[in-house]
$ cat query.csv   # CSV, N, CA and C atoms
chain,number,residue,atom,x,y,z
A,1,MET,N,-12.9,64.4,-20.2
A,1,MET,CA,-12.7,63.4,-21.2
A,1,MET,C,-13.9,62.5,-21.2
A,2,ARG,N,-14.3,62.2,-22.3
A,2,ARG,CA,-15.5,61.4,-22.5
A,2,ARG,C,-15.2,59.9,-22.6
A,3,SER,N,-15.9,59.0,-22.0
A,3,SER,CA,-15.6,57.5,-22.1
A,3,SER,C,-16.2,57.0,-23.4
A,4,PRO,N,-15.6,56.0,-24.0
A,4,PRO,CA,-16.1,55.5,-25.2
A,4,PRO,C,-17.4,54.8,-25.0
A,5,SER,N,-18.2,54.8,-26.0
A,5,SER,CA,-19.5,54.1,-25.9
A,5,SER,C,-19.4,52.6,-26.0
A,6,ALA,N,-20.4,51.9,-25.7
A,6,ALA,CA,-20.4,50.4,-25.7
A,6,ALA,C,-20.2,49.9,-27.1
A,7,MET,N,-20.8,50.6,-28.0
A,7,MET,CA,-20.6,50.2,-29.4
A,7,MET,C,-19.2,50.3,-29.9
A,8,THR,N,-18.5,51.3,-29.5
A,8,THR,CA,-17.1,51.5,-29.9
A,8,THR,C,-16.2,50.4,-29.2
A,9,LEU,N,-16.5,50.1,-27.9
A,9,LEU,CA,-15.7,49.1,-27.2
A,9,LEU,C,-15.9,47.7,-27.9
A,10,ALA,N,-17.2,47.4,-28.3
A,10,ALA,CA,-17.5,46.2,-28.9
A,10,ALA,C,-16.7,46.0,-30.2
A,11,PHE,N,-16.7,47.1,-31.0
A,11,PHE,CA,-16.0,47.1,-32.3
A,11,PHE,C,-14.5,46.9,-32.1
A,12,LEU,N,-13.9,47.6,-31.1
A,12,LEU,CA,-12.5,47.4,-30.8
A,12,LEU,C,-12.1,46.0,-30.4
A,13,LEU,N,-13.0,45.4,-29.5
A,13,LEU,CA,-12.7,44.0,-29.1
A,13,LEU,C,-12.9,43.1,-30.2
A,14,PHE,N,-13.9,43.3,-31.1
A,14,PHE,CA,-14.1,42.4,-32.2
A,14,PHE,C,-12.9,42.5,-33.2
A,15,ALA,N,-12.4,43.7,-33.4
A,15,ALA,CA,-11.2,43.9,-34.3
A,15,ALA,C,-10.0,43.2,-33.7
A,16,ALA,N,-9.8,43.3,-32.4
A,16,ALA,CA,-8.6,42.7,-31.8
A,16,ALA,C,-8.7,41.2,-31.8
A,17,GLY,N,-9.9,40.7,-31.6
A,17,GLY,CA,-10.1,39.2,-31.7
A,17,GLY,C,-9.9,38.7,-33.0
A,18,THR,N,-10.4,39.4,-34.0
A,18,THR,CA,-10.2,39.0,-35.4
A,18,THR,C,-8.7,39.0,-35.8
A,19,ALA,N,-8.0,40.0,-35.4
A,19,ALA,CA,-6.6,40.1,-35.7
A,19,ALA,C,-5.8,38.9,-35.0
A,20,LEU,N,-6.2,38.6,-33.7
A,20,LEU,CA,-5.5,37.6,-33.0
A,20,LEU,C,-5.8,36.2,-33.7
A,21,PHE,N,-7.1,36.0,-34.1
A,21,PHE,CA,-7.5,34.8,-34.8
A,21,PHE,C,-6.6,34.6,-36.0
A,22,LEU,N,-6.5,35.7,-36.8
A,22,LEU,CA,-5.7,35.6,-38.1
A,22,LEU,C,-4.3,35.3,-37.8
A,23,LEU,N,-3.7,35.9,-36.8
A,23,LEU,CA,-2.3,35.7,-36.5
A,23,LEU,C,-2.1,34.2,-36.0
A,24,VAL,N,-2.9,33.7,-35.2
A,24,VAL,CA,-2.8,32.3,-34.7
A,24,VAL,C,-2.9,31.3,-35.9
A,25,PHE,N,-3.9,31.4,-36.7
A,25,PHE,CA,-4.1,30.4,-37.7
A,25,PHE,C,-3.3,30.6,-39.0
A,26,THR,N,-2.7,31.7,-39.2
A,26,THR,CA,-1.9,31.9,-40.4
A,26,THR,C,-0.4,31.9,-40.1
A,27,HIS,N,0.0,31.7,-38.8
A,27,HIS,CA,1.3,31.6,-38.4
A,27,HIS,C,1.9,30.3,-38.9
A,28,LYS,N,3.1,30.4,-39.5
A,28,LYS,CA,3.7,29.2,-40.0
A,28,LYS,C,4.6,28.6,-38.9
A,29,THR,N,4.4,27.3,-38.7
A,29,THR,CA,5.3,26.7,-37.7
A,29,THR,C,6.3,25.9,-38.4
A,30,THR,N,7.5,25.7,-37.8
A,30,THR,CA,8.5,24.9,-38.4
A,30,THR,C,8.3,23.5,-37.9
A,31,PRO,N,8.4,22.6,-38.8
A,31,PRO,CA,8.1,21.2,-38.5
A,31,PRO,C,9.2,20.6,-37.5
A,32,ALA,N,8.9,19.7,-36.7
A,32,ALA,CA,9.9,19.1,-35.8
A,32,ALA,C,10.9,18.3,-36.7
A,33,PRO,N,12.1,18.3,-36.2
A,33,PRO,CA,13.1,17.5,-37.0
A,33,PRO,C,12.7,16.0,-37.0
A,34,THR,N,12.9,15.4,-38.2
A,34,THR,CA,12.5,14.0,-38.3
A,34,THR,C,13.6,13.1,-37.9
A,35,THR,N,14.9,13.5,-38.0
A,35,THR,CA,16.0,12.7,-37.6
A,35,THR,C,16.5,13.2,-36.3
A,36,LEU,N,16.9,12.3,-35.4
A,36,LEU,CA,17.5,12.6,-34.1
A,36,LEU,C,19.0,12.7,-34.3
A,37,ASN,N,19.6,13.8,-33.9
A,37,ASN,CA,21.0,13.9,-33.9
A,37,ASN,C,21.5,13.8,-32.4
A,38,LEU,N,21.6,12.5,-32.0
A,38,LEU,CA,22.0,12.3,-30.6
A,38,LEU,C,23.5,12.3,-30.5
A,39,SER,N,24.0,12.9,-29.4
A,39,SER,CA,25.4,13.0,-29.2
A,39,SER,C,25.9,11.6,-28.6
A,40,GLU,N,27.1,11.5,-28.5
A,40,GLU,CA,27.7,10.2,-28.0
A,40,GLU,C,27.2,9.9,-26.6
A,41,ASP,N,27.1,10.9,-25.7
A,41,ASP,CA,26.6,10.7,-24.4
A,41,ASP,C,25.1,10.2,-24.4
A,42,GLU,N,24.3,10.8,-25.3
A,42,GLU,CA,22.9,10.3,-25.4
A,42,GLU,C,22.8,8.9,-25.8
A,43,HIS,N,23.7,8.5,-26.8
A,43,HIS,CA,23.8,7.1,-27.2
A,43,HIS,C,24.1,6.2,-26.1
A,44,LYS,N,25.1,6.6,-25.2
A,44,LYS,CA,25.5,5.8,-24.1
A,44,LYS,C,24.3,5.6,-23.1
A,45,VAL,N,23.6,6.7,-22.9
A,45,VAL,CA,22.5,6.7,-22.0
A,45,VAL,C,21.4,5.8,-22.5
A,46,SER,N,21.1,5.9,-23.8
A,46,SER,CA,20.1,5.0,-24.4
A,46,SER,C,20.5,3.6,-24.4
A,47,ALA,N,21.8,3.3,-24.6
A,47,ALA,CA,22.3,1.9,-24.6
A,47,ALA,C,22.2,1.4,-23.1
A,48,TYR,N,22.5,2.2,-22.2
A,48,TYR,CA,22.4,1.8,-20.7
A,48,TYR,C,21.0,1.5,-20.3
A,49,ILE,N,20.1,2.3,-20.7
A,49,ILE,CA,18.7,2.1,-20.4
A,49,ILE,C,18.2,0.8,-21.0
A,50,ALA,N,18.5,0.6,-22.3
A,50,ALA,CA,18.1,-0.7,-23.0
A,50,ALA,C,18.7,-1.9,-22.2
A,51,GLU,N,19.9,-1.8,-21.8
A,51,GLU,CA,20.6,-2.9,-21.1
A,51,GLU,C,19.9,-3.2,-19.8
A,52,VAL,N,19.6,-2.1,-19.0
A,52,VAL,CA,18.9,-2.2,-17.7
A,52,VAL,C,17.5,-2.9,-17.9
A,53,GLU,N,16.8,-2.4,-18.9
A,53,GLU,CA,15.5,-3.0,-19.2
A,53,GLU,C,15.5,-4.4,-19.6
A,54,ARG,N,16.6,-4.8,-20.3
A,54,ARG,CA,16.8,-6.2,-20.7
A,54,ARG,C,17.1,-7.1,-19.5
A,55,LYS,N,17.9,-6.6,-18.6
A,55,LYS,CA,18.2,-7.3,-17.4
A,55,LYS,C,17.0,-7.4,-16.5
A,56,ASN,N,16.2,-6.4,-16.4
A,56,ASN,CA,15.0,-6.4,-15.6
A,56,ASN,C,14.0,-7.5,-16.1
A,57,GLU,N,13.9,-7.5,-17.4
A,57,GLU,CA,13.0,-8.5,-18.0
A,57,GLU,C,13.5,-9.9,-17.8
A,58,LEU,N,14.8,-10.1,-17.9
A,58,LEU,CA,15.4,-11.4,-17.6
A,58,LEU,C,15.2,-11.8,-16.2
A,59,GLU,N,15.4,-10.9,-15.3
A,59,GLU,CA,15.2,-11.2,-13.9
A,59,GLU,C,13.7,-11.5,-13.6
A,60,ARG,N,12.8,-10.8,-14.2
A,60,ARG,CA,11.3,-11.1,-14.0
A,60,ARG,C,11.0,-12.5,-14.5
A,61,ASP,N,11.6,-12.9,-15.6
A,61,ASP,CA,11.4,-14.2,-16.2
A,61,ASP,C,11.9,-15.3,-15.3
A,62,GLN,N,13.1,-15.0,-14.7
A,62,GLN,CA,13.7,-16.0,-13.8
A,62,GLN,C,12.9,-16.1,-12.5
A,63,ILE,N,12.4,-15.0,-12.0
A,63,ILE,CA,11.5,-15.1,-10.8
A,63,ILE,C,10.2,-15.8,-11.1
A,64,GLU,N,9.6,-15.6,-12.3
A,64,GLU,CA,8.4,-16.3,-12.6
A,64,GLU,C,8.7,-17.8,-12.8
A,65,GLN,N,9.8,-18.2,-13.4
A,65,GLN,CA,10.1,-19.6,-13.5
A,65,GLN,C,10.3,-20.2,-12.1
A,66,ALA,N,11.0,-19.5,-11.2
A,66,ALA,CA,11.2,-20.1,-9.9
A,66,ALA,C,9.8,-20.2,-9.2
A,67,ARG,N,8.9,-19.3,-9.3
A,67,ARG,CA,7.6,-19.4,-8.7
A,67,ARG,C,6.8,-20.6,-9.3
A,68,LYS,N,6.9,-20.8,-10.6
A,68,LYS,CA,6.2,-22.0,-11.2
A,68,LYS,C,6.8,-23.3,-10.7
A,69,LEU,N,8.2,-23.4,-10.6
A,69,LEU,CA,8.8,-24.6,-10.1
A,69,LEU,C,8.4,-24.8,-8.6
A,70,ALA,N,8.4,-23.8,-7.8
A,70,ALA,CA,8.0,-24.0,-6.4
A,70,ALA,C,6.6,-24.4,-6.3
A,71,LYS,N,5.7,-23.9,-7.1
A,71,LYS,CA,4.3,-24.3,-7.1
A,71,LYS,C,4.2,-25.7,-7.5
A,72,GLN,N,4.9,-26.1,-8.6
A,72,GLN,CA,4.8,-27.5,-9.1
A,72,GLN,C,5.4,-28.5,-8.0
A,73,THR,N,6.5,-28.1,-7.3
A,73,THR,CA,7.1,-28.9,-6.3
A,73,THR,C,6.1,-29.1,-5.2
A,74,ARG,N,5.5,-28.0,-4.7
A,74,ARG,CA,4.5,-28.2,-3.6
A,74,ARG,C,3.3,-29.1,-4.0
A,75,ALA,N,2.9,-28.9,-5.3
A,75,ALA,CA,1.7,-29.8,-5.7
A,75,ALA,C,2.2,-31.2,-5.8
A,76,LYS,N,3.4,-31.5,-6.2
A,76,LYS,CA,3.9,-32.9,-6.3
A,76,LYS,C,4.0,-33.5,-4.9
A,77,LYS,N,4.6,-32.7,-3.9
A,77,LYS,CA,4.8,-33.2,-2.6
A,77,LYS,C,3.5,-33.4,-1.8
A,78,ASP,N,2.5,-32.6,-2.2
A,78,ASP,CA,1.2,-32.8,-1.5
A,78,ASP,C,0.3,-33.9,-2.2
A,79,SER,N,0.8,-34.5,-3.3
A,79,SER,CA,0.0,-35.5,-4.0
A,79,SER,C,-0.2,-36.7,-3.1
A,80,PRO,N,-1.3,-37.4,-3.3
A,80,PRO,CA,-1.4,-38.7,-2.5
A,80,PRO,C,-0.4,-39.7,-2.8
A,81,GLU,N,0.0,-39.8,-4.1
A,81,GLU,CA,1.1,-40.8,-4.5
A,81,GLU,C,2.4,-40.5,-3.7
A,82,CYS,N,2.8,-39.3,-3.7
A,82,CYS,CA,4.0,-38.9,-3.0
A,82,CYS,C,3.9,-39.2,-1.5
A,83,GLN,N,2.8,-38.8,-0.9
A,83,GLN,CA,2.6,-39.1,0.5
A,83,GLN,C,2.7,-40.6,0.8
A,84,PHE,N,2.1,-41.4,-0.1
A,84,PHE,CA,2.1,-42.9,0.1
A,84,PHE,C,3.5,-43.4,0.1
A,85,TRP,N,4.3,-43.0,-0.9
A,85,TRP,CA,5.7,-43.5,-1.0
A,85,TRP,C,6.6,-43.0,0.1
A,86,MET,N,6.3,-41.8,0.5
A,86,MET,CA,7.1,-41.2,1.7
A,86,MET,C,6.8,-42.0,2.9
A,87,LEU,N,5.6,-42.4,3.1
A,87,LEU,CA,5.1,-43.2,4.3
A,87,LEU,C,5.8,-44.6,4.2
A,88,GLN,N,5.8,-45.2,3.0
A,88,GLN,CA,6.4,-46.5,2.8
A,88,GLN,C,7.9,-46.4,3.1
A,89,LYS,N,8.6,-45.3,2.8
A,89,LYS,CA,10.0,-45.2,3.1
A,89,LYS,C,10.2,-45.0,4.6
A,90,ALA,N,9.3,-44.3,5.2
A,90,ALA,CA,9.5,-44.1,6.7
A,90,ALA,C,9.2,-45.4,7.4
A,91,LYS,N,8.3,-46.2,6.9
A,91,LYS,CA,8.0,-47.5,7.6
A,91,LYS,C,9.1,-48.5,7.4
A,92,SER,N,9.8,-48.4,6.3
A,92,SER,CA,10.8,-49.4,5.9
A,92,SER,C,12.1,-49.2,6.8
A,93,ALA,N,12.6,-50.3,7.3
A,93,ALA,CA,13.8,-50.3,8.1
A,93,ALA,C,15.1,-50.3,7.2
A,94,THR,N,15.0,-50.9,6.1
A,94,THR,CA,16.1,-50.9,5.2
A,94,THR,C,15.8,-50.1,3.9
A,95,PRO,N,16.9,-49.5,3.3
A,95,PRO,CA,16.6,-48.7,2.1
A,95,PRO,C,16.2,-49.6,1.0
A,96,ASN,N,15.2,-49.1,0.2
A,96,ASN,CA,14.6,-49.8,-0.9
A,96,ASN,C,14.8,-49.0,-2.1
A,97,PRO,N,15.6,-49.4,-3.1
A,97,PRO,CA,15.7,-48.6,-4.3
A,97,PRO,C,14.4,-48.4,-5.1
A,98,LYS,N,13.5,-49.3,-5.0
A,98,LYS,CA,12.2,-49.1,-5.7
A,98,LYS,C,11.4,-48.0,-5.1
A,99,THR,N,11.5,-47.9,-3.8
A,99,THR,CA,10.8,-46.9,-3.0
A,99,THR,C,11.4,-45.5,-3.4
A,100,ASP,N,12.7,-45.5,-3.4
A,100,ASP,CA,13.4,-44.2,-3.8
A,100,ASP,C,13.1,-43.8,-5.2
A,101,GLU,N,13.0,-44.8,-6.1
A,101,GLU,CA,12.6,-44.5,-7.5
A,101,GLU,C,11.2,-43.9,-7.6
A,102,LYS,N,10.3,-44.5,-6.8
A,102,LYS,CA,8.9,-44.0,-6.8
A,102,LYS,C,8.8,-42.6,-6.2
A,103,ILE,N,9.6,-42.4,-5.1
A,103,ILE,CA,9.6,-41.0,-4.5
A,103,ILE,C,10.1,-40.0,-5.5
A,104,ASN,N,11.2,-40.4,-6.3
A,104,ASN,CA,11.6,-39.4,-7.3
A,104,ASN,C,10.6,-39.2,-8.4
A,105,GLN,N,9.9,-40.3,-8.7
A,105,GLN,CA,8.8,-40.2,-9.8
A,105,GLN,C,7.7,-39.3,-9.3
A,106,PHE,N,7.2,-39.5,-8.1
A,106,PHE,CA,6.0,-38.9,-7.7
A,106,PHE,C,6.2,-37.6,-6.8
A,107,CYS,N,7.4,-37.4,-6.3
A,107,CYS,CA,7.6,-36.2,-5.4
A,107,CYS,C,8.4,-35.1,-6.0
A,108,GLU,N,9.1,-35.4,-7.0
A,108,GLU,CA,10.0,-34.4,-7.6
A,108,GLU,C,9.4,-33.8,-8.9
A,109,PRO,N,9.5,-32.5,-9.1
A,109,PRO,CA,9.0,-32.0,-10.4
A,109,PRO,C,9.8,-32.5,-11.6
A,110,GLU,N,9.2,-32.5,-12.8
A,110,GLU,CA,9.8,-33.0,-13.9
A,110,GLU,C,11.1,-32.3,-14.2
A,111,GLY,N,12.1,-33.0,-14.6
A,111,GLY,CA,13.3,-32.4,-15.0
A,111,GLY,C,14.3,-32.2,-13.8
A,112,THR,N,13.9,-32.6,-12.6
A,112,THR,CA,14.8,-32.5,-11.5
A,112,THR,C,15.0,-33.8,-10.9
A,113,ILE,N,16.2,-34.1,-10.4
A,113,ILE,CA,16.5,-35.3,-9.8
A,113,ILE,C,17.2,-35.0,-8.4
A,114,SER,N,16.7,-35.5,-7.4
A,114,SER,CA,17.3,-35.2,-6.1
A,114,SER,C,17.5,-36.5,-5.4
A,115,LYS,N,18.5,-36.5,-4.5
A,115,LYS,CA,18.8,-37.7,-3.7
A,115,LYS,C,18.2,-37.5,-2.4
A,116,LEU,N,17.3,-38.4,-2.0
A,116,LEU,CA,16.7,-38.3,-0.6
A,116,LEU,C,17.4,-39.1,0.4

$ encode --input "query.csv" --output "structure tokens"
Amino acid sequence: MRSPSAMTLAFLLFAAGTALFLLVFTHKTTPAPTTLNLSEDEHKVSAYIAEVERKNELERDQIEQARKLAKQTRAKKDSPECQFWMLQKAKSATPNPKTDEKINQFCEPEGTISKL
């Protein structure tokens, strides 16, 4: 049995490649469905995921607000005005409402009132 020549092999490979090329590019594909037909379980899962994401976002916001408030409180307590009035209160033997008012003014973040 005689083996095919190089020219015959090249022609066969070229014909096979051309046929494959035509099949790939002329093949009609079905478009993906544009509407989702979700079952009741899938709707429940989607709703659950949306609820969890909402709760996570709310929790992140609350943590960020707590961090900001803590930073603001530290800055107020470290201020020279707060330190001065705290020293005045420590030196005073009797309670002074004016000193307490100044401590609230200079040592507490805005929007919070605390009793010292």

$ atom_distance --input "query.csv" --atom1 "CA of Val45 in chain A" --atom2 "CA of Glu64 in chain A"
28.6 Å

$ select_by_dssp --input "query.csv" --residues "chain A" --states "helix (DSSP H, G or I)" --output "short mmCIF file (atom, residue, chain, number, x, y, z; two decimals) with N, CA and C atoms, keeping the file's coordinate frame"
data_model
loop_
_atom_site.label_atom_id
_atom_site.label_comp_id
_atom_site.auth_asym_id
_atom_site.auth_seq_id
_atom_site.Cartn_x
_atom_site.Cartn_y
_atom_site.Cartn_z
N ALA A 6 -20.40 51.90 -25.70
CA ALA A 6 -20.40 50.40 -25.70
C ALA A 6 -20.20 49.90 -27.10
N MET A 7 -20.80 50.60 -28.00
CA MET A 7 -20.60 50.20 -29.40
C MET A 7 -19.20 50.30 -29.90
N THR A 8 -18.50 51.30 -29.50
CA THR A 8 -17.10 51.50 -29.90
C THR A 8 -16.20 50.40 -29.20
N LEU A 9 -16.50 50.10 -27.90
CA LEU A 9 -15.70 49.10 -27.20
C LEU A 9 -15.90 47.70 -27.90
N ALA A 10 -17.20 47.40 -28.30
CA ALA A 10 -17.50 46.20 -28.90
C ALA A 10 -16.70 46.00 -30.20
N PHE A 11 -16.70 47.10 -31.00
CA PHE A 11 -16.00 47.10 -32.30
C PHE A 11 -14.50 46.90 -32.10
N LEU A 12 -13.90 47.60 -31.10
CA LEU A 12 -12.50 47.40 -30.80
C LEU A 12 -12.10 46.00 -30.40
N LEU A 13 -13.00 45.40 -29.50
CA LEU A 13 -12.70 44.00 -29.10
C LEU A 13 -12.90 43.10 -30.20
N PHE A 14 -13.90 43.30 -31.10
CA PHE A 14 -14.10 42.40 -32.20
C PHE A 14 -12.90 42.50 -33.20
N ALA A 15 -12.40 43.70 -33.40
CA ALA A 15 -11.20 43.90 -34.30
C ALA A 15 -10.00 43.20 -33.70
N ALA A 16 -9.80 43.30 -32.40
CA ALA A 16 -8.60 42.70 -31.80
C ALA A 16 -8.70 41.20 -31.80
N GLY A 17 -9.90 40.70 -31.60
CA GLY A 17 -10.10 39.20 -31.70
C GLY A 17 -9.90 38.70 -33.00
N THR A 18 -10.40 39.40 -34.00
CA THR A 18 -10.20 39.00 -35.40
C THR A 18 -8.70 39.00 -35.80
N ALA A 19 -8.00 40.00 -35.40
CA ALA A 19 -6.60 40.10 -35.70
C ALA A 19 -5.80 38.90 -35.00
N LEU A 20 -6.20 38.60 -33.70
CA LEU A 20 -5.50 37.60 -33.00
C LEU A 20 -5.80 36.20 -33.70
N PHE A 21 -7.10 36.00 -34.10
CA PHE A 21 -7.50 34.80 -34.80
C PHE A 21 -6.60 34.60 -36.00
N LEU A 22 -6.50 35.70 -36.80
CA LEU A 22 -5.70 35.60 -38.10
C LEU A 22 -4.30 35.30 -37.80
N LEU A 23 -3.70 35.90 -36.80
CA LEU A 23 -2.30 35.70 -36.50
C LEU A 23 -2.10 34.20 -36.00
N VAL A 24 -2.90 33.70 -35.20
CA VAL A 24 -2.80 32.30 -34.70
C VAL A 24 -2.90 31.30 -35.90
N PHE A 25 -3.90 31.40 -36.70
CA PHE A 25 -4.10 30.40 -37.70
C PHE A 25 -3.30 30.60 -39.00
N THR A 26 -2.70 31.70 -39.20
CA THR A 26 -1.90 31.90 -40.40
C THR A 26 -0.40 31.90 -40.10
N GLU A 40 27.10 11.50 -28.50
CA GLU A 40 27.70 10.20 -28.00
C GLU A 40 27.20 9.90 -26.60
N ASP A 41 27.10 10.90 -25.70
CA ASP A 41 26.60 10.70 -24.40
C ASP A 41 25.10 10.20 -24.40
N GLU A 42 24.30 10.80 -25.30
CA GLU A 42 22.90 10.30 -25.40
C GLU A 42 22.80 8.90 -25.80
N HIS A 43 23.70 8.50 -26.80
CA HIS A 43 23.80 7.10 -27.20
C HIS A 43 24.10 6.20 -26.10
N LYS A 44 25.10 6.60 -25.20
CA LYS A 44 25.50 5.80 -24.10
C LYS A 44 24.30 5.60 -23.10
N VAL A 45 23.60 6.70 -22.90
CA VAL A 45 22.50 6.70 -22.00
C VAL A 45 21.40 5.80 -22.50
N SER A 46 21.10 5.90 -23.80
CA SER A 46 20.10 5.00 -24.40
C SER A 46 20.50 3.60 -24.40
N ALA A 47 21.80 3.30 -24.60
CA ALA A 47 22.30 1.90 -24.60
C ALA A 47 22.20 1.40 -23.10
N TYR A 48 22.50 2.20 -22.20
CA TYR A 48 22.40 1.80 -20.70
C TYR A 48 21.00 1.50 -20.30
N ILE A 49 20.10 2.30 -20.70
CA ILE A 49 18.70 2.10 -20.40
C ILE A 49 18.20 0.80 -21.00
N ALA A 50 18.50 0.60 -22.30
CA ALA A 50 18.10 -0.70 -23.00
C ALA A 50 18.70 -1.90 -22.20
N GLU A 51 19.90 -1.80 -21.80
CA GLU A 51 20.60 -2.90 -21.10
C GLU A 51 19.90 -3.20 -19.80
N VAL A 52 19.60 -2.10 -19.00
CA VAL A 52 18.90 -2.20 -17.70
C VAL A 52 17.50 -2.90 -17.90
N GLU A 53 16.80 -2.40 -18.90
CA GLU A 53 15.50 -3.00 -19.20
C GLU A 53 15.50 -4.40 -19.60
N ARG A 54 16.60 -4.80 -20.30
CA ARG A 54 16.80 -6.20 -20.70
C ARG A 54 17.10 -7.10 -19.50
N LYS A 55 17.90 -6.60 -18.60
CA LYS A 55 18.20 -7.30 -17.40
C LYS A 55 17.00 -7.40 -16.50
N ASN A 56 16.20 -6.40 -16.40
CA ASN A 56 15.00 -6.40 -15.60
C ASN A 56 14.00 -7.50 -16.10
N GLU A 57 13.90 -7.50 -17.40
CA GLU A 57 13.00 -8.50 -18.00
C GLU A 57 13.50 -9.90 -17.80
N LEU A 58 14.80 -10.10 -17.90
CA LEU A 58 15.40 -11.40 -17.60
C LEU A 58 15.20 -11.80 -16.20
N GLU A 59 15.40 -10.90 -15.30
CA GLU A 59 15.20 -11.20 -13.90
C GLU A 59 13.70 -11.50 -13.60
N ARG A 60 12.80 -10.80 -14.20
CA ARG A 60 11.30 -11.10 -14.00
C ARG A 60 11.00 -12.50 -14.50
N ASP A 61 11.60 -12.90 -15.60
CA ASP A 61 11.40 -14.20 -16.20
C ASP A 61 11.90 -15.30 -15.30
N GLN A 62 13.10 -15.00 -14.70
CA GLN A 62 13.70 -16.00 -13.80
C GLN A 62 12.90 -16.10 -12.50
N ILE A 63 12.40 -15.00 -12.00
CA ILE A 63 11.50 -15.10 -10.80
C ILE A 63 10.20 -15.80 -11.10
N GLU A 64 9.60 -15.60 -12.30
CA GLU A 64 8.40 -16.30 -12.60
C GLU A 64 8.70 -17.80 -12.80
N GLN A 65 9.80 -18.20 -13.40
CA GLN A 65 10.10 -19.60 -13.50
C GLN A 65 10.30 -20.20 -12.10
N ALA A 66 11.00 -19.50 -11.20
CA ALA A 66 11.20 -20.10 -9.90
C ALA A 66 9.80 -20.20 -9.20
N ARG A 67 8.90 -19.30 -9.30
CA ARG A 67 7.60 -19.40 -8.70
C ARG A 67 6.80 -20.60 -9.30
N LYS A 68 6.90 -20.80 -10.60
CA LYS A 68 6.20 -22.00 -11.20
C LYS A 68 6.80 -23.30 -10.70
N LEU A 69 8.20 -23.40 -10.60
CA LEU A 69 8.80 -24.60 -10.10
C LEU A 69 8.40 -24.80 -8.60
N ALA A 70 8.40 -23.80 -7.80
CA ALA A 70 8.00 -24.00 -6.40
C ALA A 70 6.60 -24.40 -6.30
N LYS A 71 5.70 -23.90 -7.10
CA LYS A 71 4.30 -24.30 -7.10
C LYS A 71 4.20 -25.70 -7.50
N GLN A 72 4.90 -26.10 -8.60
CA GLN A 72 4.80 -27.50 -9.10
C GLN A 72 5.40 -28.50 -8.00
N THR A 73 6.50 -28.10 -7.30
CA THR A 73 7.10 -28.90 -6.30
C THR A 73 6.10 -29.10 -5.20
N ARG A 74 5.50 -28.00 -4.70
CA ARG A 74 4.50 -28.20 -3.60
C ARG A 74 3.30 -29.10 -4.00
N ALA A 75 2.90 -28.90 -5.30
CA ALA A 75 1.70 -29.80 -5.70
C ALA A 75 2.20 -31.20 -5.80
N LYS A 76 3.40 -31.50 -6.20
CA LYS A 76 3.90 -32.90 -6.30
C LYS A 76 4.00 -33.50 -4.90
N LYS A 77 4.60 -32.70 -3.90
CA LYS A 77 4.80 -33.20 -2.60
C LYS A 77 3.50 -33.40 -1.80
N PRO A 80 -1.30 -37.40 -3.30
CA PRO A 80 -1.40 -38.70 -2.50
C PRO A 80 -0.40 -39.70 -2.80
N GLU A 81 0.00 -39.80 -4.10
CA GLU A 81 1.10 -40.80 -4.50
C GLU A 81 2.40 -40.50 -3.70
N CYS A 82 2.80 -39.30 -3.70
CA CYS A 82 4.00 -38.90 -3.00
C CYS A 82 3.90 -39.20 -1.50
N GLN A 83 2.80 -38.80 -0.90
CA GLN A 83 2.60 -39.10 0.50
C GLN A 83 2.70 -40.60 0.80
N PHE A 84 2.10 -41.40 -0.10
CA PHE A 84 2.10 -42.90 0.10
C PHE A 84 3.50 -43.40 0.10
N TRP A 85 4.30 -43.00 -0.90
CA TRP A 85 5.70 -43.50 -1.00
C TRP A 85 6.60 -43.00 0.10
N MET A 86 6.30 -41.80 0.50
CA MET A 86 7.10 -41.20 1.70
C MET A 86 6.80 -42.00 2.90
N LEU A 87 5.60 -42.40 3.10
CA LEU A 87 5.10 -43.20 4.30
C LEU A 87 5.80 -44.60 4.20
N GLN A 88 5.80 -45.20 3.00
CA GLN A 88 6.40 -46.50 2.80
C GLN A 88 7.90 -46.40 3.10
N LYS A 89 8.60 -45.30 2.80
CA LYS A 89 10.00 -45.20 3.10
C LYS A 89 10.20 -45.00 4.60
N ALA A 90 9.30 -44.30 5.20
CA ALA A 90 9.50 -44.10 6.70
C ALA A 90 9.20 -45.40 7.40
N LYS A 91 8.30 -46.20 6.90
CA LYS A 91 8.00 -47.50 7.60
C LYS A 91 9.10 -48.50 7.40
N PRO A 97 15.60 -49.40 -3.10
CA PRO A 97 15.70 -48.60 -4.30
C PRO A 97 14.40 -48.40 -5.10
N LYS A 98 13.50 -49.30 -5.00
CA LYS A 98 12.20 -49.10 -5.70
C LYS A 98 11.40 -48.00 -5.10
N THR A 99 11.50 -47.90 -3.80
CA THR A 99 10.80 -46.90 -3.00
C THR A 99 11.40 -45.50 -3.40
N ASP A 100 12.70 -45.50 -3.40
CA ASP A 100 13.40 -44.20 -3.80
C ASP A 100 13.10 -43.80 -5.20
N GLU A 101 13.00 -44.80 -6.10
CA GLU A 101 12.60 -44.50 -7.50
C GLU A 101 11.20 -43.90 -7.60
N LYS A 102 10.30 -44.50 -6.80
CA LYS A 102 8.90 -44.00 -6.80
C LYS A 102 8.80 -42.60 -6.20
N ILE A 103 9.60 -42.40 -5.10
CA ILE A 103 9.60 -41.00 -4.50
C ILE A 103 10.10 -40.00 -5.50
N ASN A 104 11.20 -40.40 -6.30
CA ASN A 104 11.60 -39.40 -7.30
C ASN A 104 10.60 -39.20 -8.40
N GLN A 105 9.90 -40.30 -8.70
CA GLN A 105 8.80 -40.20 -9.80
C GLN A 105 7.70 -39.30 -9.30
N PHE A 106 7.20 -39.50 -8.10
CA PHE A 106 6.00 -38.90 -7.70
C PHE A 106 6.20 -37.60 -6.80
N CYS A 107 7.40 -37.40 -6.30
CA CYS A 107 7.60 -36.20 -5.40
C CYS A 107 8.40 -35.10 -6.00
#

$ atom_distance --input "query.csv" --atom1 "CA of Cys107 in chain A" --atom2 "CA of Gln88 in chain A"
13.2 Å

$ atom_distance --input "query.csv" --atom1 "CA of Gln72 in chain A" --atom2 "CA of Asn104 in chain A"
13.8 Å

$ closest_residue --input "query.csv" --among "A:Gln62, A:Phe106, A:Ala90, A:Ala47" --to "Ala75 in chain A" --atoms "only N, CA and C atoms"
A:Phe106
